[in-house]
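Structure first, commentary second.
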Amino acid sequence: MTSDLWLVYLLECADGTLYCGITRHMERRLAQHNGTISGGARYTRGRRPVCLLASRPCACMADALRLERAVKARPRHKKKSYLLHGDAEQC
């Protein structure tokens with residue numbers, strides 16, 4: 001099942017660090033990051049379990065990549081807020 005929307009997501013790792021990424025399948029990607037299915041980012045492999053803090057839909061991959069980059073550029077304490085309420089025209 002393929003979604004037409006891209007999602008930008010923010011995870012909190014077991015060590016308290018944050019991870020931001022994009023996907024079209026949030027449940028599958030979260031399972032990959034937590035190691036229940038193969039895949040996932042190298043960064044999260046040693047920081048499991050991870051939990052989803054926030055996600056935001058985008059119409060296309062280019063918009064999702066731009067939003068991901070903007071979230072990553074923010075200081076830690078502003079990442080979640082920016083993802084949820086940032087530039088409304090971004091996606």
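Residues in the structure tokens are named by chain (A, B, ... in the order shown) and by number from 1 within that chain; ligands are numbered from 1 in the order shown.
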
Can you pull out the residues contacting Leu53 of chain A? Cut-off 10 Å, using only C-alpha atoms, and skip same-chain residues under 3 positions away; I want them as a PDB file with N, CA and C atoms, in the first residue's frame.
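Below is the file that was written, part31.pdb:
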```pdb
ATOM      1  N   TYR A   9       9.052  13.180   9.809  1.00  0.00           N
ATOM      2  CA  TYR A   9       8.808  12.713  11.171  1.00  0.00           C
ATOM      3  C   TYR A   9       9.989  13.022  12.075  1.00  0.00           C
ATOM      4  N   LEU A  10       9.685  13.111  13.350  1.00  0.00           N
ATOM      5  CA  LEU A  10      10.693  13.373  14.370  1.00  0.00           C
ATOM      6  C   LEU A  10      10.584  12.289  15.429  1.00  0.00           C
ATOM      7  N   LEU A  11      11.699  11.610  15.685  1.00  0.00           N
ATOM      8  CA  LEU A  11      11.757  10.540  16.682  1.00  0.00           C
ATOM      9  C   LEU A  11      12.581  10.988  17.877  1.00  0.00           C
ATOM     10  N   GLU A  12      12.243  10.444  19.037  1.00  0.00           N
ATOM     11  CA  GLU A  12      13.111  10.585  20.199  1.00  0.00           C
ATOM     12  C   GLU A  12      13.692   9.213  20.486  1.00  0.00           C
ATOM     13  N   CYS A  13      15.013   9.155  20.570  1.00  0.00           N
ATOM     14  CA  CYS A  13      15.710   7.902  20.828  1.00  0.00           C
ATOM     15  C   CYS A  13      15.810   7.657  22.328  1.00  0.00           C
ATOM     16  N   LEU A  18      17.383  13.279  19.171  1.00  0.00           N
ATOM     17  CA  LEU A  18      16.301  13.356  18.191  1.00  0.00           C
ATOM     18  C   LEU A  18      16.795  12.899  16.835  1.00  0.00           C
ATOM     19  N   TYR A  19      15.884  12.335  16.046  1.00  0.00           N
ATOM     20  CA  TYR A  19      16.179  11.912  14.682  1.00  0.00           C
ATOM     21  C   TYR A  19      15.036  12.372  13.796  1.00  0.00           C
ATOM     22  N   CYS A  20      15.358  13.008  12.680  1.00  0.00           N
ATOM     23  CA  CYS A  20      14.350  13.485  11.732  1.00  0.00           C
ATOM     24  C   CYS A  20      14.544  12.778  10.404  1.00  0.00           C
ATOM     25  N   VAL A  50      12.985   3.756  19.903  1.00  0.00           N
ATOM     26  CA  VAL A  50      12.671   5.126  19.517  1.00  0.00           C
ATOM     27  C   VAL A  50      11.161   5.299  19.578  1.00  0.00           C
ATOM     28  N   LYS A  80      10.497  20.181  17.270  1.00  0.00           N
ATOM     29  CA  LYS A  80       9.130  19.668  17.274  1.00  0.00           C
ATOM     30  C   LYS A  80       8.126  20.764  16.943  1.00  0.00           C
TER      31      LYS A  80
END
```

Practice item. Could you give me, as JSON, numbers by chain, each residue of segment 1-72 of chain A that DSSP assigns to strand (DSSP E) when run on this structure's backbone? Key: {"A": [6, 7, 8, 9, 10, 11, 12, 18, 19, 20, 21, 22, 23, 51, 52, 53, 54, 55, 56, 57, 58]}

**Study point:** Per-residue DSSP, chain A, filtered to alpha helix (DSSP H), as a ChimeraX atom specification
**Key:** /A:26-34,42-45,61-73,76-85

**Study point:** Near-Ala64 of chain A list (9 Å; only C-alpha atoms; drop same-chain fewer than 4 positions) as a list in words
**Key:**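 Residues meeting the cut-off are Trp6, Leu7, Val8, Gly21, Ile22, Thr23, Arg56, Pro57, Cys58, Ala59, Cys60, Glu68, Arg69, Gln90 and Cys91 of chain A.
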
For those residues, write N, CA, C and O atoms to a file as a PDB file, in the first residue's frame.
```pdb
ATOM      1  N   TRP A   6       3.949  12.258   1.485  1.00  0.00           N
ATOM      2  CA  TRP A   6       5.203  12.027   2.182  1.00  0.00           C
ATOM      3  C   TRP A   6       5.044  12.567   3.593  1.00  0.00           C
ATOM      4  O   TRP A   6       4.338  13.552   3.813  1.00  0.00           O
ATOM      5  N   LEU A   7       5.679  11.939   4.545  1.00  0.00           N
ATOM      6  CA  LEU A   7       5.643  12.391   5.930  1.00  0.00           C
ATOM      7  C   LEU A   7       7.049  12.765   6.383  1.00  0.00           C
ATOM      8  O   LEU A   7       7.996  12.014   6.129  1.00  0.00           O
ATOM      9  N   VAL A   8       7.157  13.891   7.041  1.00  0.00           N
ATOM     10  CA  VAL A   8       8.386  14.258   7.729  1.00  0.00           C
ATOM     11  C   VAL A   8       8.134  13.911   9.187  1.00  0.00           C
ATOM     12  O   VAL A   8       7.090  14.272   9.736  1.00  0.00           O
ATOM     13  N   GLY A  21      13.445  12.389   9.763  1.00  0.00           N
ATOM     14  CA  GLY A  21      13.514  11.722   8.474  1.00  0.00           C
ATOM     15  C   GLY A  21      12.224  11.894   7.696  1.00  0.00           C
ATOM     16  O   GLY A  21      11.298  12.558   8.151  1.00  0.00           O
ATOM     17  N   ILE A  22      12.176  11.274   6.510  1.00  0.00           N
ATOM     18  CA  ILE A  22      10.970  11.298   5.683  1.00  0.00           C
ATOM     19  C   ILE A  22      10.605   9.873   5.287  1.00  0.00           C
ATOM     20  O   ILE A  22      11.466   8.995   5.227  1.00  0.00           O
ATOM     21  N   THR A  23       9.326   9.657   5.031  1.00  0.00           N
ATOM     22  CA  THR A  23       8.855   8.336   4.613  1.00  0.00           C
ATOM     23  C   THR A  23       7.480   8.473   3.975  1.00  0.00           C
ATOM     24  O   THR A  23       6.818   9.498   4.115  1.00  0.00           O
ATOM     25  N   ARG A  56       4.443  15.297   9.987  1.00  0.00           N
ATOM     26  CA  ARG A  56       3.679  16.264   9.201  1.00  0.00           C
ATOM     27  C   ARG A  56       3.659  15.809   7.751  1.00  0.00           C
ATOM     28  O   ARG A  56       4.697  15.467   7.181  1.00  0.00           O
ATOM     29  N   PRO A  57       2.482  15.794   7.118  1.00  0.00           N
ATOM     30  CA  PRO A  57       2.395  15.363   5.729  1.00  0.00           C
ATOM     31  C   PRO A  57       2.858  16.443   4.752  1.00  0.00           C
ATOM     32  O   PRO A  57       2.708  17.640   5.026  1.00  0.00           O
ATOM     33  N   CYS A  58       3.413  16.002   3.647  1.00  0.00           N
ATOM     34  CA  CYS A  58       3.813  16.880   2.548  1.00  0.00           C
ATOM     35  C   CYS A  58       3.314  16.258   1.251  1.00  0.00           C
ATOM     36  O   CYS A  58       3.234  15.040   1.129  1.00  0.00           O
ATOM     37  N   ALA A  59       3.008  17.098   0.292  1.00  0.00           N
ATOM     38  CA  ALA A  59       2.421  16.632  -0.966  1.00  0.00           C
ATOM     39  C   ALA A  59       3.416  15.896  -1.857  1.00  0.00           C
ATOM     40  O   ALA A  59       3.029  15.022  -2.625  1.00  0.00           O
ATOM     41  N   CYS A  60       4.695  16.253  -1.772  1.00  0.00           N
ATOM     42  CA  CYS A  60       5.673  15.614  -2.654  1.00  0.00           C
ATOM     43  C   CYS A  60       7.000  15.435  -1.920  1.00  0.00           C
ATOM     44  O   CYS A  60       7.239  16.035  -0.867  1.00  0.00           O
ATOM     45  N   GLU A  68      12.384  18.636   6.026  1.00  0.00           N
ATOM     46  CA  GLU A  68      13.333  17.879   6.839  1.00  0.00           C
ATOM     47  C   GLU A  68      14.604  18.698   7.071  1.00  0.00           C
ATOM     48  O   GLU A  68      15.098  18.798   8.200  1.00  0.00           O
ATOM     49  N   ARG A  69      15.113  19.303   6.025  1.00  0.00           N
ATOM     50  CA  ARG A  69      16.318  20.129   6.145  1.00  0.00           C
ATOM     51  C   ARG A  69      16.085  21.310   7.080  1.00  0.00           C
ATOM     52  O   ARG A  69      16.933  21.640   7.910  1.00  0.00           O
ATOM     53  N   GLN A  90       5.224  25.425   3.520  1.00  0.00           N
ATOM     54  CA  GLN A  90       6.315  24.489   3.192  1.00  0.00           C
ATOM     55  C   GLN A  90       5.762  23.222   2.539  1.00  0.00           C
ATOM     56  O   GLN A  90       6.342  22.701   1.613  1.00  0.00           O
ATOM     57  N   CYS A  91       4.648  22.706   3.026  1.00  0.00           N
ATOM     58  CA  CYS A  91       4.080  21.458   2.490  1.00  0.00           C
ATOM     59  C   CYS A  91       2.674  21.649   2.001  1.00  0.00           C
ATOM     60  O   CYS A  91       1.898  22.370   2.512  1.00  0.00           O
TER      61      CYS A  91
END
```

Review point. Between atom CA of Leu65 of chain A and atom CA of Arg29 of chain A, what is the spacing in Å?
Key: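 That distance, rounded to one decimal, is 16.1 Å.
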
**Study point:** Which of A:Arg66, A:His77, A:Asp15, A:Leu83 sits closest to Gly46 of chain A [using only C-alpha atoms]
**Key:**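 Nearest to Gly46 of chain A: A:Asp15.
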
Exercise for review: Enter the distance from atom CA of Cys51 of chain A to atom CA of Asn34 of chain A, in Å, rounded to one decimal.
Suggested key: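 Straight-line distance from atom CA of Cys51 of chain A to atom CA of Asn34 of chain A works out to 8.5 Å.
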
Exercise for review: Provide the atom CA of Met61 of chain A to atom CA of Leu5 of chain A distance in Å, to one decimal place.
Suggested key: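 Those two atoms sit 8.3 Å apart.
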
Review point. Which residues come within 10 Å of Gly86 of chain A, counting only C-alpha atoms, excluding same-chain residues fewer than 4 positions away, as a list in words?
Key: Leu67, Ala70, Val71, Lys78, Lys79, Lys80, Ser81, Tyr82 and Gln90 of chain A

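Using only C-alpha atoms, the shortest contact distance between Tyr43 of chain A and any of A:Ala62, A:His85, A:Ala14, A:Arg28 is found at A:Ala14.
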